[in-house]
file coords-v4.cif (mmCIF, C-alpha atoms)
data_protein
#
loop_
_atom_site.label_atom_id
_atom_site.label_comp_id
_atom_site.auth_asym_id
_atom_site.auth_seq_id
_atom_site.Cartn_x
_atom_site.Cartn_y
_atom_site.Cartn_z
CA MET A 1 28.65 -58.00 -54.85
CA SER A 2 25.97 -57.93 -52.15
CA HIS A 3 26.86 -58.69 -48.55
CA ASP A 4 24.54 -61.73 -48.60
CA ARG A 5 26.21 -63.12 -51.73
CA ALA A 6 29.70 -62.66 -50.25
CA ASP A 7 28.53 -64.32 -47.03
CA ASP A 8 27.13 -67.29 -48.96
CA LEU A 9 30.41 -67.71 -50.88
CA VAL A 10 32.57 -67.54 -47.73
CA HIS A 11 30.44 -70.12 -45.91
CA GLY A 12 30.27 -72.28 -49.04
CA TYR A 13 34.05 -72.21 -49.25
CA LEU A 14 34.35 -73.23 -45.60
CA ASP A 15 32.01 -76.18 -46.25
CA GLY A 16 33.70 -77.15 -49.52
CA THR A 17 30.55 -76.77 -51.60
CA LEU A 18 31.55 -74.09 -54.13
CA THR A 19 31.86 -74.74 -57.85
CA PRO A 20 35.11 -73.58 -59.55
CA ALA A 21 33.20 -70.59 -60.94
CA GLU A 22 32.03 -69.65 -57.44
CA VAL A 23 35.58 -70.01 -56.05
CA ALA A 24 36.73 -67.62 -58.79
CA GLU A 25 33.92 -65.22 -57.83
CA LEU A 26 35.04 -65.41 -54.19
CA GLY A 27 38.65 -64.78 -55.26
CA THR A 28 37.63 -61.64 -57.16
CA TRP A 29 35.81 -60.39 -54.06
CA LEU A 30 38.84 -61.15 -51.84
CA ALA A 31 41.20 -59.25 -54.12
CA ALA A 32 38.83 -56.27 -54.35
CA SER A 33 39.54 -54.88 -50.87
CA ALA A 34 41.60 -55.45 -47.74
CA ALA A 35 38.40 -55.35 -45.70
CA ASN A 36 36.96 -58.28 -47.70
CA ALA A 37 40.14 -60.33 -47.19
CA ALA A 38 40.13 -59.47 -43.48
CA ALA A 39 36.50 -60.61 -43.13
CA PHE A 40 37.37 -63.86 -44.90
CA ALA A 41 40.43 -64.36 -42.64
CA ASP A 42 38.22 -63.85 -39.60
CA ALA A 43 35.71 -66.45 -40.84
CA VAL A 44 38.52 -68.96 -41.46
CA ARG A 45 39.97 -68.39 -37.96
CA LEU A 46 36.56 -69.05 -36.35
CA ASP A 47 35.95 -72.14 -38.48
CA ASP A 48 39.42 -73.50 -37.71
CA ARG A 49 39.06 -72.89 -33.97
CA LEU A 50 35.55 -74.39 -33.93
CA ARG A 51 36.94 -77.61 -35.40
CA ASP A 52 39.57 -77.70 -32.62
CA VAL A 53 36.96 -77.02 -29.91
CA ILE A 54 34.64 -79.78 -31.14
CA ARG A 55 37.41 -82.35 -31.58
CA ALA A 56 38.80 -81.55 -28.12
CA ASP A 57 35.25 -81.79 -26.72
CA VAL A 58 34.94 -85.33 -28.14
CA GLY A 59 38.07 -86.41 -26.26
CA ARG A 60 36.76 -85.13 -22.93
CA PRO A 61 35.21 -87.44 -20.37
CA ALA A 62 31.42 -87.08 -20.24
CA MET B 1 72.29 -73.06 -33.51
CA ASP B 2 73.47 -69.51 -34.19
CA GLU B 3 71.88 -66.41 -32.64
CA ARG B 4 69.86 -65.50 -35.77
CA THR B 5 68.36 -68.99 -36.03
CA ARG B 6 67.51 -68.93 -32.32
CA GLU B 7 65.71 -65.59 -32.76
CA VAL B 8 63.81 -66.91 -35.81
CA ALA B 9 62.82 -70.06 -33.89
CA ARG B 10 61.48 -67.92 -31.04
CA ARG B 11 59.46 -65.73 -33.41
CA TRP B 12 58.24 -68.78 -35.33
CA ALA B 13 56.69 -70.23 -32.17
CA LEU B 14 54.62 -67.04 -31.81
CA ALA B 15 53.71 -66.95 -35.51
CA VAL B 16 52.43 -70.55 -35.76
CA PRO B 17 48.71 -69.75 -35.10
CA ALA B 18 48.68 -67.07 -37.82
CA VAL B 19 50.52 -69.26 -40.35
CA SER B 20 48.31 -72.24 -39.52
CA ALA B 21 45.19 -70.13 -40.13
CA PHE B 22 46.64 -68.86 -43.42
CA LEU B 23 47.18 -72.47 -44.53
CA ALA B 24 43.61 -73.31 -43.47
CA ALA B 25 42.42 -70.58 -45.84
CA LEU B 26 44.24 -72.13 -48.80
CA LEU B 27 44.10 -75.86 -48.02
CA ARG B 28 40.76 -77.18 -46.86
CA ASP B 29 42.11 -80.65 -46.09
CA ALA B 30 43.38 -80.73 -42.49
CA HIS B 31 46.02 -83.40 -43.24
CA ASP B 32 47.40 -81.36 -46.15
CA ARG B 33 47.51 -78.34 -43.86
CA ASP B 34 49.43 -80.19 -41.14
CA ASP B 35 51.94 -81.51 -43.69
CA VAL B 36 52.58 -78.06 -45.12
CA LEU B 37 52.84 -76.49 -41.65
CA GLN B 38 55.62 -78.96 -40.79
CA GLU B 39 57.41 -78.27 -44.07
CA THR B 40 57.06 -74.54 -43.45
CA ALA B 41 58.63 -74.86 -39.99
CA VAL B 42 61.65 -76.57 -41.55
CA ALA B 43 61.86 -74.01 -44.36
CA VAL B 44 61.62 -71.09 -41.91
CA LEU B 45 64.56 -72.39 -39.86
CA GLU B 46 66.59 -73.25 -42.96
CA SER B 47 65.97 -69.73 -44.33
CA ALA B 48 66.69 -67.98 -41.02
CA GLY B 49 69.76 -66.29 -42.49
CA ARG B 50 67.59 -64.62 -45.13
CA TYR B 51 65.15 -63.09 -42.65
CA ASP B 52 65.57 -59.34 -42.24
CA PRO B 53 64.73 -58.52 -38.59
CA ALA B 54 63.58 -55.06 -39.70
CA ARG B 55 60.65 -56.67 -41.56
CA PRO B 56 57.48 -58.02 -39.90
CA PHE B 57 58.11 -61.68 -39.07
CA VAL B 58 54.59 -63.04 -39.58
CA GLY B 59 54.41 -61.58 -43.10
CA TRP B 60 57.74 -63.24 -43.93
CA ALA B 61 56.63 -66.58 -42.46
CA VAL B 62 53.35 -66.41 -44.40
CA ALA B 63 55.36 -65.85 -47.60
CA VAL B 64 57.48 -68.92 -46.79
CA ALA B 65 54.26 -70.91 -46.15
CA ARG B 66 52.83 -69.76 -49.47
CA ASN B 67 55.89 -71.14 -51.28
CA GLN B 68 55.57 -74.40 -49.37
CA VAL B 69 51.92 -74.69 -50.48
CA LEU B 70 53.05 -74.44 -54.11
CA VAL B 71 55.81 -77.04 -53.58
CA PHE B 72 53.31 -79.36 -51.85
CA LEU B 73 50.72 -79.06 -54.63
CA ARG B 74 53.36 -79.58 -57.34
CA LYS B 75 54.57 -82.76 -55.62
CA ARG B 76 51.00 -84.06 -55.60
CA GLY B 77 50.42 -83.21 -59.23
CA ARG B 78 47.97 -80.44 -58.49
CA ALA B 79 48.55 -77.32 -60.51
CA ARG B 80 47.70 -74.61 -57.99
CA VAL B 81 45.49 -73.53 -55.11
CA ALA B 82 41.83 -72.81 -55.73
CA PHE B 83 42.32 -69.03 -55.83
CA ASP B 84 44.20 -67.00 -58.41
CA SER B 85 47.38 -65.17 -57.39
CA ALA B 86 45.66 -61.81 -56.76
CA ALA B 87 43.31 -63.47 -54.27
CA VAL B 88 46.17 -65.39 -52.61
CA ASP B 89 48.09 -62.09 -52.28
CA ALA B 90 45.07 -60.51 -50.56
CA VAL B 91 44.66 -63.50 -48.21
CA ALA B 92 48.40 -63.53 -47.41
CA ARG B 93 48.24 -59.83 -46.49
CA ALA B 94 45.19 -60.42 -44.28
CA PHE B 95 47.03 -63.13 -42.32
CA GLY B 96 50.49 -61.59 -42.51
CA ASP B 97 49.89 -58.82 -40.01
CA ASP B 98 52.27 -58.89 -37.03
CA ALA B 99 49.50 -57.47 -34.87
CA PRO B 100 46.62 -59.84 -35.68
CA PRO B 101 43.08 -59.28 -34.44
CA ASP B 102 42.38 -60.33 -30.89
CA ASP B 103 42.79 -64.09 -31.19
CA ARG B 104 41.93 -64.45 -27.51
CA ARG B 105 38.41 -63.39 -28.49
CA LEU B 106 38.03 -66.91 -29.92
CA ASP B 107 38.95 -68.40 -26.53
CA ARG B 108 35.26 -67.86 -25.69
CA LEU B 109 34.25 -70.24 -28.47
CA ARG B 110 34.18 -73.29 -26.19
CA ASP B 111 31.59 -71.68 -23.90
CA CYS B 112 29.59 -70.39 -26.86
CA PHE B 113 29.53 -73.86 -28.43
CA ALA B 114 28.41 -75.42 -25.13
CA ALA B 115 25.56 -72.89 -24.94
CA LEU B 116 24.11 -73.88 -28.36
CA ASP B 117 20.89 -75.90 -28.46
CA PRO B 118 21.47 -79.69 -28.83
CA LYS B 119 20.33 -79.71 -32.47
CA ALA B 120 22.89 -77.06 -33.45
CA ARG B 121 25.65 -78.86 -31.53
CA ASP B 122 24.82 -82.14 -33.29
CA LEU B 123 24.96 -80.39 -36.65
CA CYS B 124 28.39 -78.95 -35.81
CA ARG B 125 29.67 -82.35 -34.70
CA LEU B 126 28.60 -83.92 -37.99
CA ARG B 127 30.38 -81.16 -39.88
CA TYR B 128 33.56 -80.78 -37.81
CA GLU B 129 34.05 -84.02 -35.94
CA THR B 130 32.93 -86.40 -38.69
CA ASP B 131 34.06 -84.00 -41.44
CA LEU B 132 30.86 -84.46 -43.47
CA LYS B 133 29.84 -81.93 -46.10
CA PRO B 134 26.28 -80.52 -46.17
CA ALA B 135 25.09 -83.04 -48.79
CA ALA B 136 26.24 -86.01 -46.67
CA ILE B 137 24.77 -84.47 -43.52
CA GLY B 138 21.51 -83.91 -45.40
CA ALA B 139 21.45 -87.54 -46.56
CA ARG B 140 21.94 -88.70 -42.99
CA LEU B 141 19.29 -86.40 -41.52
CA GLY B 142 16.81 -86.52 -44.41
CA LEU B 143 17.31 -82.82 -45.18
CA ASP B 144 18.01 -80.85 -48.34
CA PRO B 145 21.75 -79.95 -48.64
CA ASN B 146 20.91 -76.25 -48.98
CA THR B 147 18.91 -76.39 -45.75
CA VAL B 148 21.94 -77.92 -44.00
CA ALA B 149 24.31 -75.33 -45.50
CA LYS B 150 22.07 -72.47 -44.37
CA ALA B 151 21.74 -73.99 -40.90
CA LEU B 152 25.54 -74.26 -40.58
CA GLN B 153 25.87 -70.66 -41.72
CA ARG B 154 23.36 -69.52 -39.06
CA VAL B 155 25.16 -71.51 -36.33
CA ARG B 156 28.55 -69.97 -37.24
CA ASP B 157 26.95 -66.50 -37.27
CA ARG B 158 25.47 -67.15 -33.82
CA LEU B 159 28.85 -68.30 -32.52
CA ARG B 160 30.52 -65.17 -33.91
CA ASP B 161 27.90 -62.95 -32.25
CA CYS B 162 28.40 -64.89 -29.00
CA VAL B 163 32.21 -64.48 -28.88
CA ASP B 164 31.93 -60.80 -29.83
CA ARG B 165 29.31 -60.21 -27.14
CA LYS B 166 31.41 -61.96 -24.49
CA ALA B 167 34.56 -60.09 -25.53
CA ALA B 168 32.73 -56.76 -25.39
CA ALA B 169 31.24 -57.57 -21.97
CA GLU B 170 34.67 -58.53 -20.59
CA ALA B 171 36.25 -55.37 -22.02
CA ALA B 172 33.60 -53.12 -20.46
CA PRO B 173 34.76 -51.27 -17.31
#

call {"tool": "encode", "arguments": {"input": "coords-v4.cif", "output": "structure tokens"}}
result
Amino acid sequence: MSHDRADDLVHGYLDGTLTPAEVAELGTWLAASAANAAAFADAVRLDDRLRDVIRADVGRPA
Amino acid sequence: MDERTREVARRWALAVPAVSAFLAALLRDAHDRDDVLQETAVAVLESAGRYDPARPFVGWAVAVARNQVLVFLRKRGRARVAFDSAAVDAVARAFGDDAPPDDRRLDRLRDCFAALDPKARDLCRLRYETDLKPAAIGARLGLDPNTVAKALQRVRDRLRDCVDRKAAAEAAP
């Protein structure tokens, strides 16, 4: 799988826009190598922390 | 509380960010994730006697969390997580490392987010504060969903570059 395709699938997963077939394609890529799973884990950590940052930002006084 | 349970409770407190991120990878709904994290905390303490201190704690806690995800989905009548078991194994290994990547690197995210242009910040707020998907954001802004998805992807890539750049600059002698 090309880097661009993997990138599209990871971001699509984060945004909840993948079809079941695309989720399966992402799963195959994740299982293919530890480096792929590590890259995915890193993307999830950033996405998760970004949500926290933005929600905390909303609660701050202007 | 016996000594083993106390030790497990201490290690659990340190493992929570890693386990929480693992759950975020499997459960995209934040409420589901919070519920399972709470159930996992209970299960970890109840299973303290089964933890072998010679084994990495985070990997063990991630395995407990994985079981709790399955219990949670069964209770809600959902058959399984989106990924097959080989993919879940790979994800569990990626999060189950006792020496995770430099999580403090993401401490720079707040500054990086503040430095984005207003349009990019607004887009992020619609996605993360309002929890809208690209199609709903597109409908609100009069944009094609694919354009929104690509824009979100670019913003996240910029934020990653920003935190990496800041981390590298701070690490430089």

call {"tool": "closest_residue", "arguments": {"input": "coords-v4.cif", "among": "A:Ala41, A:Leu9, A:Leu46, A:Ile54", "to": "Glu25 in chain A", "atoms": "all atoms listed in the file"}}
result
A:Leu9

call {"tool": "closest_residue", "arguments": {"input": "coords-v4.cif", "among": "A:Ala24, A:Ala31, A:Val44, A:Ala6", "to": "Arg28 in chain B", "atoms": "only C-alpha atoms"}}
result
A:Val44

call {"tool": "interface_residues", "arguments": {"input": "coords-v4.cif", "of": "chain B", "to": "chain A", "cutoff": "6 Å", "atoms": "only C-alpha atoms", "output": "MDAnalysis selection string"}}
result
chainID B and resid 21 83 86:87 90:91 94 110 128:129

call {"tool": "resolve_selection", "arguments": {"input": "coords-v4.cif", "expression": "the PyMOL selection byres ((chain B and resi 4) around 10)", "output": "PyMOL selection string"}}
result
chain B and resi 1-3+5-10+45+48-53

call {"tool": "closest_residue", "arguments": {"input": "coords-v4.cif", "among": "B:Ala41, B:Leu159, B:Ala61, B:Ala136", "to": "Arg108 in chain B", "atoms": "all atoms listed in the file"}}
result
B:Leu159

call {"tool": "closest_residue", "arguments": {"input": "coords-v4.cif", "among": "B:Ala115, B:Val16, B:Leu26, B:Ala168", "to": "Ser85 in chain B", "atoms": "all atoms listed in the file"}}
result
B:Leu26

call {"tool": "atom_distance", "arguments": {"input": "coords-v4.cif", "atom1": "CA of Ala169 in chain B", "atom2": "CA of Arg104 in chain B"}}
result
13.9 Å

call {"tool": "residues_around", "arguments": {"input": "coords-v4.cif", "residues": "range 71-77 of chain B", "least_positions_apart": "5", "cutoff": "9 Å", "atoms": "all atoms listed in the file", "output": "JSON, numbers by chain"}}
result
{"B": [32, 35, 36, 39, 66]}

call {"tool": "atom_distance", "arguments": {"input": "coords-v4.cif", "atom1": "CA of Gly96 in chain B", "atom2": "CA of Val58 in chain B"}}
result
5.2 Å

call {"tool": "closest_residue", "arguments": {"input": "coords-v4.cif", "among": "B:Leu37, B:Ala171, B:Ala43, B:Val64", "to": "Leu23 in chain B", "atoms": "all atoms listed in the file"}}
result
B:Leu37

call {"tool": "closest_residue", "arguments": {"input": "coords-v4.cif", "among": "B:Glu170, B:Asp161, B:Asp29, B:Glu46", "to": "Phe113 in chain B", "atoms": "only C-alpha atoms"}}
result
B:Asp161

call {"tool": "atom_distance", "arguments": {"input": "coords-v4.cif", "atom1": "CA of Leu152 in chain B", "atom2": "CA of Val88 in chain B"}}
result
25.5 Å

call {"tool": "residues_around", "arguments": {"input": "coords-v4.cif", "residues": "range 131-135 of chain B", "least_positions_apart": "6", "cutoff": "6 Å", "atoms": "all atoms listed in the file", "output": "JSON, numbers by chain"}}
result
{"B": [145, 148, 149]}

call {"tool": "axis_aligned_box", "arguments": {"input": "coords-v4.cif", "around": "range 18-26 of chain A", "padding_each_side": "3 Å", "output": "AutoDock Vina command-line options"}}
result
--center_x 34.1 --center_y -70.0 --center_z -57.5 --size_x 11.2 --size_y 15.5 --size_z 12.8

call {"tool": "build_atoms", "arguments": {"input": "coords-v4.cif", "residues": "range 11-34 of chain A", "atoms": "N, CA, C and O atoms", "output": "compact mmCIF listing (two decimals), in the frame of the given file"}}
result
# COMPACT_ATOMS: atom_id res chain seq x y z
N HIS A 11 30.89 -68.91 -46.63
CA HIS A 11 30.44 -70.12 -45.91
C HIS A 11 30.50 -71.35 -46.82
O HIS A 11 30.84 -72.45 -46.36
N GLY A 12 30.19 -71.16 -48.09
CA GLY A 12 30.27 -72.28 -49.04
C GLY A 12 31.70 -72.77 -49.18
O GLY A 12 31.95 -73.97 -49.26
N TYR A 13 32.63 -71.82 -49.17
CA TYR A 13 34.05 -72.21 -49.25
C TYR A 13 34.45 -73.01 -48.00
O TYR A 13 35.13 -74.03 -48.10
N LEU A 14 34.02 -72.54 -46.85
CA LEU A 14 34.35 -73.23 -45.60
C LEU A 14 33.80 -74.66 -45.61
O LEU A 14 34.42 -75.58 -45.06
N ASP A 15 32.64 -74.85 -46.22
CA ASP A 15 32.01 -76.18 -46.25
C ASP A 15 32.41 -77.00 -47.48
O ASP A 15 31.96 -78.13 -47.64
N GLY A 16 33.22 -76.41 -48.35
CA GLY A 16 33.70 -77.15 -49.52
C GLY A 16 32.62 -77.45 -50.54
O GLY A 16 32.65 -78.49 -51.20
N THR A 17 31.67 -76.51 -50.69
CA THR A 17 30.55 -76.77 -51.60
C THR A 17 30.55 -75.88 -52.85
O THR A 17 29.62 -75.95 -53.65
N LEU A 18 31.57 -75.02 -52.99
CA LEU A 18 31.55 -74.09 -54.13
C LEU A 18 31.99 -74.76 -55.43
O LEU A 18 32.86 -75.63 -55.42
N THR A 19 31.40 -74.33 -56.52
CA THR A 19 31.86 -74.74 -57.85
C THR A 19 33.13 -73.94 -58.18
O THR A 19 33.38 -72.89 -57.55
N PRO A 20 33.94 -74.37 -59.16
CA PRO A 20 35.11 -73.58 -59.55
C PRO A 20 34.75 -72.14 -59.92
O PRO A 20 35.49 -71.21 -59.58
N ALA A 21 33.61 -71.95 -60.57
CA ALA A 21 33.20 -70.59 -60.94
C ALA A 21 32.91 -69.75 -59.69
O ALA A 21 33.23 -68.56 -59.64
N GLU A 22 32.32 -70.38 -58.69
CA GLU A 22 32.03 -69.65 -57.44
C GLU A 22 33.32 -69.34 -56.67
O GLU A 22 33.43 -68.29 -56.04
N VAL A 23 34.29 -70.28 -56.69
CA VAL A 23 35.58 -70.01 -56.05
C VAL A 23 36.25 -68.81 -56.73
O VAL A 23 36.80 -67.92 -56.07
N ALA A 24 36.15 -68.76 -58.05
CA ALA A 24 36.73 -67.62 -58.79
C ALA A 24 36.02 -66.33 -58.40
O ALA A 24 36.66 -65.28 -58.24
N GLU A 25 34.70 -66.41 -58.24
CA GLU A 25 33.92 -65.22 -57.83
C GLU A 25 34.36 -64.76 -56.43
O GLU A 25 34.54 -63.57 -56.19
N LEU A 26 34.56 -65.74 -55.54
CA LEU A 26 35.04 -65.41 -54.19
C LEU A 26 36.43 -64.77 -54.27
O LEU A 26 36.71 -63.79 -53.57
N GLY A 27 37.29 -65.32 -55.12
CA GLY A 27 38.65 -64.78 -55.26
C GLY A 27 38.63 -63.34 -55.73
O GLY A 27 39.40 -62.50 -55.24
N THR A 28 37.75 -63.03 -56.67
CA THR A 28 37.63 -61.64 -57.16
C THR A 28 37.21 -60.72 -56.02
O THR A 28 37.74 -59.61 -55.86
N TRP A 29 36.28 -61.19 -55.21
CA TRP A 29 35.81 -60.39 -54.06
C TRP A 29 36.94 -60.20 -53.04
O TRP A 29 37.14 -59.10 -52.51
N LEU A 30 37.74 -61.24 -52.80
CA LEU A 30 38.84 -61.15 -51.84
C LEU A 30 39.88 -60.13 -52.29
O LEU A 30 40.40 -59.35 -51.49
N ALA A 31 40.17 -60.14 -53.59
CA ALA A 31 41.20 -59.25 -54.12
C ALA A 31 40.71 -57.81 -54.23
O ALA A 31 41.51 -56.89 -54.38
N ALA A 32 39.39 -57.61 -54.12
CA ALA A 32 38.83 -56.27 -54.35
C ALA A 32 39.12 -55.30 -53.21
O ALA A 32 39.22 -54.09 -53.43
N SER A 33 39.24 -55.81 -51.98
CA SER A 33 39.54 -54.88 -50.87
C SER A 33 40.14 -55.61 -49.68
O SER A 33 39.86 -56.80 -49.45
N ALA A 34 40.97 -54.88 -48.93
CA ALA A 34 41.60 -55.45 -47.74
C ALA A 34 40.54 -55.83 -46.70
O ALA A 34 40.70 -56.81 -45.97
